[in-house]
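What follows is the content of work02.cif, which has mmCIF, C-alpha atoms:
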```cif
data_final
loop_
_atom_site.label_atom_id
_atom_site.label_comp_id
_atom_site.auth_asym_id
_atom_site.auth_seq_id
_atom_site.Cartn_x
_atom_site.Cartn_y
_atom_site.Cartn_z
CA MET A 1 24.78 1.75 18.63
CA THR A 2 22.26 -0.94 18.01
CA THR A 3 22.43 -3.20 15.06
CA THR A 4 19.17 -3.78 13.28
CA GLN A 5 18.36 -6.24 10.58
CA THR A 6 17.59 -4.34 7.38
CA ALA A 7 14.98 -5.68 5.03
CA PRO A 8 14.67 -4.92 1.32
CA ALA A 9 12.98 -1.55 0.80
CA VAL A 10 9.29 -1.57 -0.02
CA ILE A 11 8.33 -0.69 -3.58
CA PRO A 12 5.87 2.22 -3.87
CA ASP A 13 2.43 1.32 -5.15
CA PHE A 14 2.16 3.09 -8.51
CA GLY A 15 -1.17 1.41 -9.21
CA ASP A 16 0.30 -0.67 -12.02
CA THR A 17 -1.20 -3.86 -10.67
CA VAL A 18 -4.76 -2.55 -10.67
CA SER A 19 -6.60 -4.19 -13.54
CA VAL A 20 -9.57 -1.82 -13.75
CA GLY A 21 -8.38 1.76 -14.06
CA ARG A 22 -9.98 4.69 -12.32
CA LYS A 23 -11.94 7.04 -14.57
CA LEU A 24 -12.86 10.68 -14.11
CA ALA A 25 -15.43 12.66 -16.09
CA ILE A 26 -15.24 16.44 -15.79
CA ILE A 27 -18.08 18.60 -17.04
CA CYS A 28 -17.02 22.22 -17.60
CA SER A 29 -20.07 24.47 -17.81
CA LYS A 30 -18.59 27.88 -17.01
CA GLY A 31 -16.60 30.22 -19.23
CA ASN A 32 -15.10 32.61 -16.68
CA LEU A 33 -11.32 32.50 -16.43
CA ASP A 34 -11.47 31.51 -12.76
CA MET A 35 -13.98 28.76 -13.47
CA ALA A 36 -11.98 27.27 -16.34
CA TYR A 37 -8.92 26.48 -14.26
CA PRO A 38 -10.37 24.12 -11.62
CA GLY A 39 -11.40 21.63 -14.31
CA LEU A 40 -8.11 21.92 -16.17
CA ILE A 41 -5.99 21.56 -13.04
CA LEU A 42 -7.95 18.57 -11.75
CA ALA A 43 -7.85 16.89 -15.16
CA ASN A 44 -4.10 17.38 -15.33
CA ALA A 45 -3.60 16.09 -11.79
CA ALA A 46 -5.73 13.02 -12.45
CA LEU A 47 -3.86 12.21 -15.67
CA GLY A 48 -0.58 12.43 -13.79
CA GLU A 49 -1.97 9.85 -11.38
CA GLY A 50 -2.75 7.45 -14.18
CA VAL A 51 -6.50 8.18 -14.13
CA GLU A 52 -8.39 8.14 -17.44
CA VAL A 53 -9.97 11.56 -17.99
CA ASP A 54 -12.82 12.71 -20.23
CA MET A 55 -13.80 16.39 -20.26
CA PHE A 56 -17.16 17.63 -21.56
CA PHE A 57 -17.45 21.33 -22.43
CA THR A 58 -20.99 22.63 -22.33
CA PHE A 59 -22.86 25.94 -22.26
CA TRP A 60 -20.52 28.73 -21.17
CA GLY A 61 -17.75 26.18 -20.73
CA PHE A 62 -17.74 25.96 -24.52
CA ASP A 63 -15.61 29.13 -24.52
CA ILE A 64 -12.71 27.11 -23.08
CA ILE A 65 -12.40 25.12 -26.31
CA THR A 66 -13.56 27.76 -28.82
CA ASN A 67 -10.50 29.01 -30.74
CA SER A 68 -11.69 32.61 -30.93
CA ARG A 69 -12.37 32.81 -27.19
CA MET A 70 -10.17 30.35 -25.32
CA GLY A 71 -7.28 32.81 -25.03
CA ASP A 72 -9.54 35.62 -23.91
CA LEU A 73 -11.52 34.28 -20.95
CA LYS A 74 -12.31 36.91 -18.36
CA PHE A 75 -12.59 37.25 -14.62
CA THR A 76 -15.11 39.59 -13.06
CA MET A 77 -15.45 40.75 -9.48
CA LEU A 78 -19.22 41.09 -9.97
CA GLY A 79 -21.17 38.57 -7.98
CA ASN A 80 -17.99 37.23 -6.40
CA THR A 81 -17.82 38.21 -2.75
CA ALA A 82 -14.56 36.31 -2.31
CA THR A 83 -12.65 39.26 -3.80
CA HIS A 84 -13.58 41.11 -0.58
CA MET A 85 -14.01 44.32 -2.54
CA PRO A 86 -17.16 46.49 -2.66
CA GLN A 87 -19.44 44.92 -5.29
CA GLY A 88 -20.10 48.35 -6.84
CA LEU A 89 -16.46 48.60 -7.90
CA GLY A 90 -16.79 45.56 -10.13
CA GLY A 91 -19.32 47.37 -12.31
CA LEU A 92 -17.08 50.32 -13.11
CA PRO A 93 -15.84 50.54 -16.71
CA GLY A 94 -12.55 48.71 -17.23
CA MET A 95 -12.75 46.85 -13.96
CA THR A 96 -13.26 43.40 -15.50
CA ALA A 97 -10.28 43.95 -17.82
CA MET A 98 -8.15 44.98 -14.87
CA ALA A 99 -9.24 42.08 -12.69
CA THR A 100 -8.62 39.69 -15.59
CA HIS A 101 -5.16 41.08 -16.19
CA GLN A 102 -4.32 40.70 -12.51
CA MET A 103 -5.56 37.12 -12.35
CA ARG A 104 -3.65 36.14 -15.50
CA LYS A 105 -0.49 37.49 -13.92
CA GLN A 106 -1.10 35.53 -10.71
CA ILE A 107 -1.70 32.34 -12.69
CA GLN A 108 1.46 32.89 -14.71
CA ASP A 109 3.48 33.63 -11.58
CA VAL A 110 2.75 30.18 -10.16
CA GLY A 111 3.86 28.52 -13.40
CA VAL A 112 0.42 27.53 -14.63
CA PRO A 113 -0.02 27.76 -18.41
CA ASP A 114 -2.72 29.75 -20.21
CA VAL A 115 -5.83 27.91 -21.40
CA PRO A 116 -4.74 26.81 -24.91
CA GLU A 117 -1.39 25.53 -23.65
CA PHE A 118 -3.07 23.79 -20.73
CA LEU A 119 -5.45 21.98 -23.11
CA GLU A 120 -2.45 20.87 -25.14
CA GLN A 121 -0.78 19.45 -22.03
CA ILE A 122 -3.98 17.60 -21.11
CA VAL A 123 -4.26 16.08 -24.58
CA ASP A 124 -0.56 15.16 -24.56
CA SER A 125 -1.10 13.47 -21.20
CA GLY A 126 -3.80 11.30 -22.75
CA GLY A 127 -6.90 13.29 -21.73
CA HIS A 128 -9.99 13.34 -23.96
CA LEU A 129 -11.84 16.56 -24.83
CA TRP A 130 -15.46 16.51 -25.97
CA ALA A 131 -17.71 19.34 -27.12
CA CYS A 132 -21.42 19.47 -26.30
CA ARG A 133 -23.61 19.11 -29.39
CA LEU A 134 -26.43 21.29 -28.07
CA SER A 135 -24.01 24.11 -27.19
CA ALA A 136 -22.44 23.91 -30.66
CA GLU A 137 -25.85 24.18 -32.28
CA MET A 138 -26.95 27.04 -30.03
CA MET A 139 -23.81 29.02 -30.78
CA HIS A 140 -23.65 28.01 -34.46
CA LEU A 141 -20.17 26.56 -34.14
CA ASP A 142 -18.66 23.45 -35.71
CA GLU A 143 -15.42 21.49 -35.36
CA ALA A 144 -13.48 24.05 -37.38
CA ASP A 145 -14.18 26.63 -34.66
CA LEU A 146 -12.93 24.40 -31.87
CA TYR A 147 -9.51 23.59 -30.42
CA GLU A 148 -7.84 20.93 -32.57
CA GLY A 149 -7.48 18.51 -29.65
CA VAL A 150 -11.26 18.20 -29.27
CA GLU A 151 -12.11 14.67 -30.36
CA GLY A 152 -15.68 15.30 -31.32
CA ILE A 153 -18.99 17.10 -30.84
CA ILE A 154 -21.21 14.69 -28.96
CA SER A 155 -24.54 14.64 -27.15
CA ALA A 156 -24.88 14.57 -23.38
CA ALA A 157 -26.11 10.98 -23.68
CA ASP A 158 -23.00 10.03 -25.67
CA PHE A 159 -20.82 11.50 -22.96
CA ILE A 160 -22.63 9.64 -20.21
CA GLU A 161 -22.25 6.45 -22.20
CA LYS A 162 -18.52 7.03 -22.81
CA THR A 163 -17.85 7.66 -19.14
CA GLU A 164 -19.60 4.62 -17.72
CA GLY A 165 -18.22 3.83 -14.29
CA ALA A 166 -16.40 7.16 -14.01
CA GLN A 167 -16.46 9.55 -11.10
CA ILE A 168 -18.10 12.78 -12.22
CA LEU A 169 -17.11 16.36 -11.47
CA PHE A 170 -19.49 19.15 -12.50
CA ILE A 171 -17.89 22.58 -12.61
CA MET B 1 11.87 6.62 7.95
CA SER B 2 13.89 3.46 8.14
CA ILE B 3 16.95 1.83 6.71
CA ALA B 4 16.34 -0.74 4.03
CA THR B 5 18.33 -2.53 1.38
CA ILE B 6 18.17 -2.01 -2.34
CA GLY B 7 20.45 -4.54 -3.96
CA ALA B 8 23.65 -4.42 -1.94
CA ALA B 9 23.09 -0.89 -0.64
CA SER B 10 21.58 0.14 2.67
CA VAL B 11 19.64 3.39 2.34
CA HIS B 12 17.13 5.53 4.21
CA VAL B 13 13.61 5.23 2.85
CA ASP B 14 10.17 6.53 3.82
CA ALA B 15 7.11 4.36 4.43
CA GLU B 16 6.37 4.14 0.71
CA GLY B 17 9.93 3.23 -0.25
CA PHE B 18 11.14 6.59 -1.57
CA LEU B 19 14.75 7.45 -0.70
CA THR B 20 14.97 10.24 1.86
CA GLU B 21 18.68 11.11 1.73
CA TYR B 22 19.74 12.93 -1.42
CA ASP B 23 23.36 11.88 -1.09
CA GLU B 24 22.67 8.19 -0.70
CA TRP B 25 21.63 7.94 -4.34
CA ASN B 26 23.95 7.01 -7.19
CA GLU B 27 23.42 5.97 -10.80
CA ASP B 28 23.70 2.31 -10.01
CA LEU B 29 20.98 2.68 -7.39
CA GLY B 30 18.86 4.59 -9.93
CA THR B 31 19.14 1.67 -12.33
CA GLN B 32 18.06 -0.73 -9.59
CA LEU B 33 15.15 1.46 -8.47
CA ALA B 34 13.97 1.64 -12.08
CA ALA B 35 14.24 -2.12 -12.50
CA ARG B 36 12.10 -2.64 -9.39
CA ILE B 37 9.22 -0.83 -11.10
CA GLY B 38 9.79 -2.46 -14.46
CA ILE B 39 11.64 0.36 -16.21
CA GLU B 40 14.86 -0.12 -18.14
CA LEU B 41 16.65 3.21 -18.33
CA THR B 42 17.60 4.61 -21.73
CA ASP B 43 19.48 7.83 -22.54
CA VAL B 44 16.26 9.88 -22.49
CA HIS B 45 15.32 8.43 -19.10
CA TRP B 46 18.73 9.50 -17.84
CA ARG B 47 18.32 13.00 -19.25
CA VAL B 48 15.15 13.30 -17.17
CA ILE B 49 16.67 11.74 -14.05
CA ASN B 50 19.80 13.89 -14.22
CA PHE B 51 17.70 17.02 -14.71
CA LEU B 52 15.54 16.12 -11.69
CA ARG B 53 18.61 15.58 -9.51
CA ALA B 54 20.24 18.86 -10.54
CA ASP B 55 16.98 20.81 -10.33
CA TYR B 56 16.25 19.49 -6.85
CA GLN B 57 19.62 20.73 -5.69
CA THR B 58 18.82 24.21 -6.96
CA LEU B 59 15.16 24.47 -5.97
CA GLY B 60 14.97 22.20 -2.95
CA GLU B 61 11.85 20.52 -4.29
CA THR B 62 11.08 17.91 -6.92
CA ALA B 63 10.13 19.30 -10.33
CA THR B 64 6.59 18.75 -11.59
CA LEU B 65 5.92 17.02 -14.90
CA ARG B 66 5.39 20.34 -16.63
CA ARG B 67 8.65 21.75 -15.33
CA VAL B 68 10.56 18.62 -16.41
CA SER B 69 8.99 18.78 -19.84
CA ILE B 70 9.93 22.41 -20.40
CA GLN B 71 13.32 22.53 -18.70
CA ALA B 72 14.68 19.14 -19.77
CA ASP B 73 13.04 19.53 -23.19
CA VAL B 74 11.20 16.21 -23.21
CA PRO B 75 7.58 16.40 -24.46
CA VAL B 76 4.86 15.51 -21.96
CA LYS B 77 3.68 12.72 -24.26
CA GLU B 78 7.17 11.22 -24.18
CA LEU B 79 7.32 11.42 -20.36
CA PHE B 80 4.12 9.39 -20.16
CA ARG B 81 5.69 6.81 -22.51
CA LEU B 82 8.96 6.65 -20.57
CA PHE B 83 7.37 6.46 -17.11
CA PRO B 84 3.90 5.00 -17.73
CA GLY B 85 0.98 5.51 -15.35
CA LYS B 86 2.21 7.97 -12.77
CA PRO B 87 5.18 9.61 -14.50
CA ALA B 88 6.00 12.35 -11.99
CA LYS B 89 6.08 9.96 -9.04
CA LYS B 90 7.95 7.25 -10.91
CA MET B 91 10.70 9.57 -12.08
CA ALA B 92 11.07 11.01 -8.59
CA TYR B 93 11.34 7.49 -7.15
CA ILE B 94 14.07 6.50 -9.60
CA ALA B 95 15.92 9.78 -9.02
CA GLY B 96 15.90 9.16 -5.27
CA LEU B 97 13.83 12.27 -4.58
CA PRO B 98 10.58 12.97 -2.69
CA LYS B 99 7.30 12.96 -4.63
CA PRO B 100 6.62 16.33 -6.28
CA VAL B 101 4.22 18.58 -4.35
CA GLY B 102 3.39 21.08 -7.10
CA CYS B 103 -0.05 20.99 -8.75
CA VAL B 104 0.84 21.68 -12.36
#
```
Please lay out the structure from this file as structure tokens.
Amino acid sequence: MTTTQTAPAVIPDFGDTVSVGRKLAIICSKGNLDMAYPGLILANAALGEGVEVDMFFTFWGFDIITNSRMGDLKFTMLGNTATHMPQGLGGLPGMTAMATHQMRKQIQDVGVPDVPEFLEQIVDSGGHLWACRLSAEMMHLDEADLYEGVEGIISAADFIEKTEGAQILFI
Amino acid sequence: MSIATIGAASVHVDAEGFLTEYDEWNEDLGTQLAARIGIELTDVHWRVINFLRADYQTLGETATLRRVSIQADVPVKELFRLFPGKPAKKMAYIAGLPKPVGCV
């Protein structure tokens, strides 16, 4: 047996010494169930890494934060070749409901929360949610129609200004 | 993986400084690990740490933030206050466990 000199263990770098924090801006423009999750998962992951996160919900992505729709996002096989099913099947009556049901089950099985609960976790983790003004006007919606954690309805220019220096993800 | 000292103890750690041997950890070591990253452990911290230790033994992997929040009944907001910055990694470090690999 060899004797080796042991040194004090290194301390992991948790980024606490960095003076300027990393920022991430995520623009969610799609309202399909399968297109809502990438933004939510990445936002959650970034927050857990101490990254400041701002999310901007625009166009169809507005559904993710609209109270009457956020719990009812859908997944369709149509136009999505990655299901590896004949495209014609996707157009049959009831197929979107079935595919949605299946995807919800898969999401639940891996311990990922549904959309409203996921938004709550993001807000609790310090994430900021913003609604797109133009989308709100187009769809005749105001703050009362939106998830309570949304901090405000702002213009695209406002969002760009708020996220100065941030890395941007467009989904 | 190498042997390094934390206080008076000699333990196995990985390149980042996380303990690699579950059984080398004890509460005193946990307190010292926490102190090294500027955290003074309170009762709620211990509830989280003890849950992580027990859960790891059952599951064989480190619980994610969401799992800790639900199972140990500590709100996510509180976890961010207790272990600021990178809560999941910090609590794993103090508990002498590997970093969590789960996404959510």
Taking all atoms listed in the file into account, what are the residues of chain B at most 7 Å from chain A, put as a ChimeraX atom specification?
-> /B:3-6,16-17,76-77,80,85-88,103-104
For the selection you just gave me, I'd like the residues written to a file as a compact mmCIF listing (two decimals), keeping the file's coordinate frame, keeping C-alpha atoms.
```txt
# COMPACT_ATOMS: atom_id res chain seq x y z
CA ILE B 3 16.95 1.83 6.71
CA ALA B 4 16.34 -0.74 4.03
CA THR B 5 18.33 -2.53 1.38
CA ILE B 6 18.17 -2.01 -2.34
CA GLU B 16 6.37 4.14 0.71
CA GLY B 17 9.93 3.23 -0.25
CA VAL B 76 4.86 15.51 -21.96
CA LYS B 77 3.68 12.72 -24.26
CA PHE B 80 4.12 9.39 -20.16
CA GLY B 85 0.98 5.51 -15.35
CA LYS B 86 2.21 7.97 -12.77
CA PRO B 87 5.18 9.61 -14.50
CA ALA B 88 6.00 12.35 -11.99
CA CYS B 103 -0.05 20.99 -8.75
CA VAL B 104 0.84 21.68 -12.36
```
What is the CA of Ala166 in chain A-CA of Ala43 in chain A distance in Å, reported with one decimal?
->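 A separation of 13.0 Å between them.
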For range 5-10 of chain B, I'd like the enclosing box, axis-aligned and padded by 3 Å on every side, reported as JSON with centre and edge lengths in Å to one decimal.
```
{"center_x": 20.9, "center_y": -2.2, "center_z": -0.6, "size_x": 11.5, "size_y": 10.7, "size_z": 12.6}
```
Extract, using only C-alpha atoms, all DNA, RNA and protein residues at most 7 Å from Val53 in chain A, discarding same-chain residues fewer than 6 positions from it, and format them as a ChimeraX atom specification.
-> /A:23-25,43,47,127-128
Within 10 Å of (21.0, -8.4, -8.0) (file coordinates; all atoms listed in the file), which protein or nucleic acid residues are there? I'd like them as a tab-separated table (two decimals) with C-alpha atoms, in the frame of the given file.
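Final output, saved to result05.tsv:
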```
chain	number	residue	atom	x	y	z
B	6	ILE	CA	18.17	-2.01	-2.34
B	7	GLY	CA	20.45	-4.54	-3.96
B	8	ALA	CA	23.65	-4.42	-1.94
B	32	GLN	CA	18.06	-0.73	-9.59
```
Have a look at A:Ile26, A:Leu129, A:Ala36, A:Ala144 and name the one nearest to Ser68 in chain A; count all atoms listed in the file.
-> A:Ala144
Hey, what's within 8 Å of Ala99 in chain A if we count all atoms listed in the file and toss same-chain stuff fewer than 6 positions away? As JSON, numbers by chain, please?
-> {"A": [75, 76, 77]}
Take the residues from that selection and put them in a file with C-alpha atoms, as a PDB file, keeping the file's coordinate frame.
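The result, written out as result_29.pdb:
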```pdb
ATOM      1  CA  PHE A  75     -12.590  37.250 -14.620  1.00  0.00           C
ATOM      2  CA  THR A  76     -15.110  39.590 -13.060  1.00  0.00           C
ATOM      3  CA  MET A  77     -15.450  40.750  -9.480  1.00  0.00           C
TER       4      MET A  77
END
```
So what does the PyMOL selection byres ((chain B and resi 101) around 8) actually pick up in this one, as a list in words?
->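 Selection result, ordered by chain and number: Glu61, Thr62, Thr64, Lys99, Pro100, Gly102 and Cys103 of chain B.
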For Cys28 in chain A, please output as a PyMOL selection string all residues within 6 Å (counting all atoms listed in the file; exclusion window: fewer than 6 positions along the same chain).
-> chain A and resi 57+61+171
Here CA of Met35 in chain A and CA of Thr100 in chain A stand apart by 12.4 Å
Point-to-point distance from CA of Asp34 in chain A to CA of Asp109 in chain A, Å rounded to tenths |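 According to the coordinates, CA of Asp34 in chain A and CA of Asp109 in chain A are separated by 15.1 Å.
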Using only C-alpha atoms, the residue out of A:Leu141, A:Leu119, A:Asn32, A:Gln108 with shortest distance to Leu78 in chain A is A:Asn32
Near-range 52-59 of chain B list (10 Å; all atoms listed in the file; drop same-chain fewer than 6 positions) as number ranges by chain | B: 22, 25, 46, 67-68, 71-72, 91-92, 94-98
For Leu41 in chain B, which residue out of B:Ser69, B:Tyr93, B:Val13, B:Leu82 is the nearest one, using only C-alpha atoms?
->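 Looking at the shortest contact to Leu41 in chain B, the residue is B:Leu82.
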What residues come out when you apply the PyMOL selection byres ((chain A and resi 147) around 9) to this file, written as a list in words?
->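 This file gives the following for the PyMOL selection byres ((chain A and resi 147) around 9): Ile64, Ile65, Thr66, Asn67, Met70, Pro116, Leu119, Glu143, Ala144, Asp145, Leu146, Glu148, Gly149 and Val150 of chain A.
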Which one of A:Leu33, A:Leu169, A:Leu92, A:Ile27 sits closest to Thr58 in chain A if you count all atoms listed in the file?
-> A:Ile27
Check what the PyMOL selection byres ((chain B and resi 44) around 12) selects in the file above and give those residues as a list in words.
-> Glu40, Leu41, Thr42, Asp43, His45, Trp46, Arg47, Val48, Ile49, Asn50, Phe51, Ser69, Ala72, Asp73, Val74, Pro75, Glu78, Leu79, Arg81, Leu82, Phe83 and Met91 of chain B
Start from the incomplete input, build N, CA and C atoms for range 57-92 of chain B, and deliver everything as a tab-separated table (two decimals), in the coordinates of the input.
```tsv
chain	number	residue	atom	x	y	z
B	57	GLN	N	18.53	20.08	-6.44
B	57	GLN	CA	19.62	20.73	-5.69
B	57	GLN	C	19.48	22.26	-5.72
B	58	THR	N	19.00	22.77	-6.84
B	58	THR	CA	18.82	24.21	-6.96
B	58	THR	C	17.57	24.69	-6.23
B	59	LEU	N	16.44	24.00	-6.47
B	59	LEU	CA	15.16	24.47	-5.97
B	59	LEU	C	14.78	23.96	-4.58
B	60	GLY	N	15.32	22.80	-4.24
B	60	GLY	CA	14.97	22.20	-2.95
B	60	GLY	C	13.64	21.48	-2.98
B	61	GLU	N	13.05	21.34	-4.18
B	61	GLU	CA	11.85	20.52	-4.29
B	61	GLU	C	11.85	19.81	-5.63
B	62	THR	N	11.10	18.71	-5.70
B	62	THR	CA	11.08	17.91	-6.92
B	62	THR	C	10.27	18.60	-8.01
B	63	ALA	N	10.81	18.65	-9.21
B	63	ALA	CA	10.13	19.30	-10.33
B	63	ALA	C	8.84	18.57	-10.69
B	64	THR	N	7.83	19.35	-11.12
B	64	THR	CA	6.59	18.75	-11.59
B	64	THR	C	6.81	18.29	-13.04
B	65	LEU	N	5.84	17.54	-13.53
B	65	LEU	CA	5.92	17.02	-14.90
B	65	LEU	C	6.09	18.16	-15.91
B	66	ARG	N	5.33	19.22	-15.70
B	66	ARG	CA	5.39	20.34	-16.63
B	66	ARG	C	6.78	20.98	-16.62
B	67	ARG	N	7.33	21.14	-15.44
B	67	ARG	CA	8.65	21.75	-15.33
B	67	ARG	C	9.71	20.85	-16.01
B	68	VAL	N	9.62	19.55	-15.79
B	68	VAL	CA	10.56	18.62	-16.41
B	68	VAL	C	10.45	18.74	-17.93
B	69	SER	N	9.22	18.75	-18.41
B	69	SER	CA	8.99	18.78	-19.84
B	69	SER	C	9.63	20.01	-20.48
B	70	ILE	N	9.42	21.17	-19.85
B	70	ILE	CA	9.93	22.41	-20.40
B	70	ILE	C	11.45	22.52	-20.22
B	71	GLN	N	11.91	22.29	-19.01
B	71	GLN	CA	13.32	22.53	-18.70
B	71	GLN	C	14.25	21.46	-19.27
B	72	ALA	N	13.81	20.20	-19.26
B	72	ALA	CA	14.68	19.14	-19.77
B	72	ALA	C	14.38	18.87	-21.25
B	73	ASP	N	13.40	19.62	-21.78
B	73	ASP	CA	13.04	19.53	-23.19
B	73	ASP	C	12.65	18.10	-23.61
B	74	VAL	N	11.75	17.51	-22.85
B	74	VAL	CA	11.20	16.21	-23.21
B	74	VAL	C	9.67	16.39	-23.23
B	75	PRO	N	9.03	16.16	-24.39
B	75	PRO	CA	7.58	16.40	-24.46
B	75	PRO	C	6.80	15.58	-23.43
B	76	VAL	N	5.69	16.16	-22.97
B	76	VAL	CA	4.86	15.51	-21.96
B	76	VAL	C	4.45	14.10	-22.42
B	77	LYS	N	4.08	14.00	-23.70
B	77	LYS	CA	3.68	12.72	-24.26
B	77	LYS	C	4.78	11.67	-24.07
B	78	GLU	N	6.01	12.10	-24.30
B	78	GLU	CA	7.17	11.22	-24.18
B	78	GLU	C	7.38	10.80	-22.71
B	79	LEU	N	7.16	11.73	-21.79
B	79	LEU	CA	7.32	11.42	-20.36
B	79	LEU	C	6.33	10.34	-19.94
B	80	PHE	N	5.12	10.41	-20.47
B	80	PHE	CA	4.12	9.39	-20.16
B	80	PHE	C	4.52	8.04	-20.76
B	81	ARG	N	5.25	8.07	-21.89
B	81	ARG	CA	5.69	6.81	-22.51
B	81	ARG	C	6.87	6.23	-21.72
B	82	LEU	N	7.76	7.10	-21.28
B	82	LEU	CA	8.96	6.65	-20.57
B	82	LEU	C	8.64	6.13	-19.16
B	83	PHE	N	7.72	6.82	-18.50
B	83	PHE	CA	7.37	6.46	-17.11
B	83	PHE	C	5.85	6.27	-17.03
B	84	PRO	N	5.35	5.16	-17.57
B	84	PRO	CA	3.90	5.00	-17.73
B	84	PRO	C	3.11	5.01	-16.43
B	85	GLY	N	1.88	5.52	-16.51
B	85	GLY	CA	0.98	5.51	-15.35
B	85	GLY	C	1.08	6.77	-14.54
B	86	LYS	N	2.04	6.79	-13.62
B	86	LYS	CA	2.21	7.97	-12.77
B	86	LYS	C	3.61	8.54	-12.99
B	87	PRO	N	3.82	9.21	-14.11
B	87	PRO	CA	5.18	9.61	-14.50
B	87	PRO	C	5.94	10.44	-13.47
B	88	ALA	N	5.28	11.46	-12.91
B	88	ALA	CA	6.00	12.35	-11.99
B	88	ALA	C	6.52	11.60	-10.77
B	89	LYS	N	5.68	10.72	-10.24
B	89	LYS	CA	6.08	9.96	-9.04
B	89	LYS	C	7.14	8.92	-9.38
B	90	LYS	N	6.98	8.28	-10.53
B	90	LYS	CA	7.95	7.25	-10.91
B	90	LYS	C	9.34	7.84	-11.14
B	91	MET	N	9.38	8.98	-11.81
B	91	MET	CA	10.70	9.57	-12.08
B	91	MET	C	11.35	10.07	-10.79
B	92	ALA	N	10.52	10.56	-9.87
B	92	ALA	CA	11.07	11.01	-8.59
B	92	ALA	C	11.63	9.82	-7.82
```
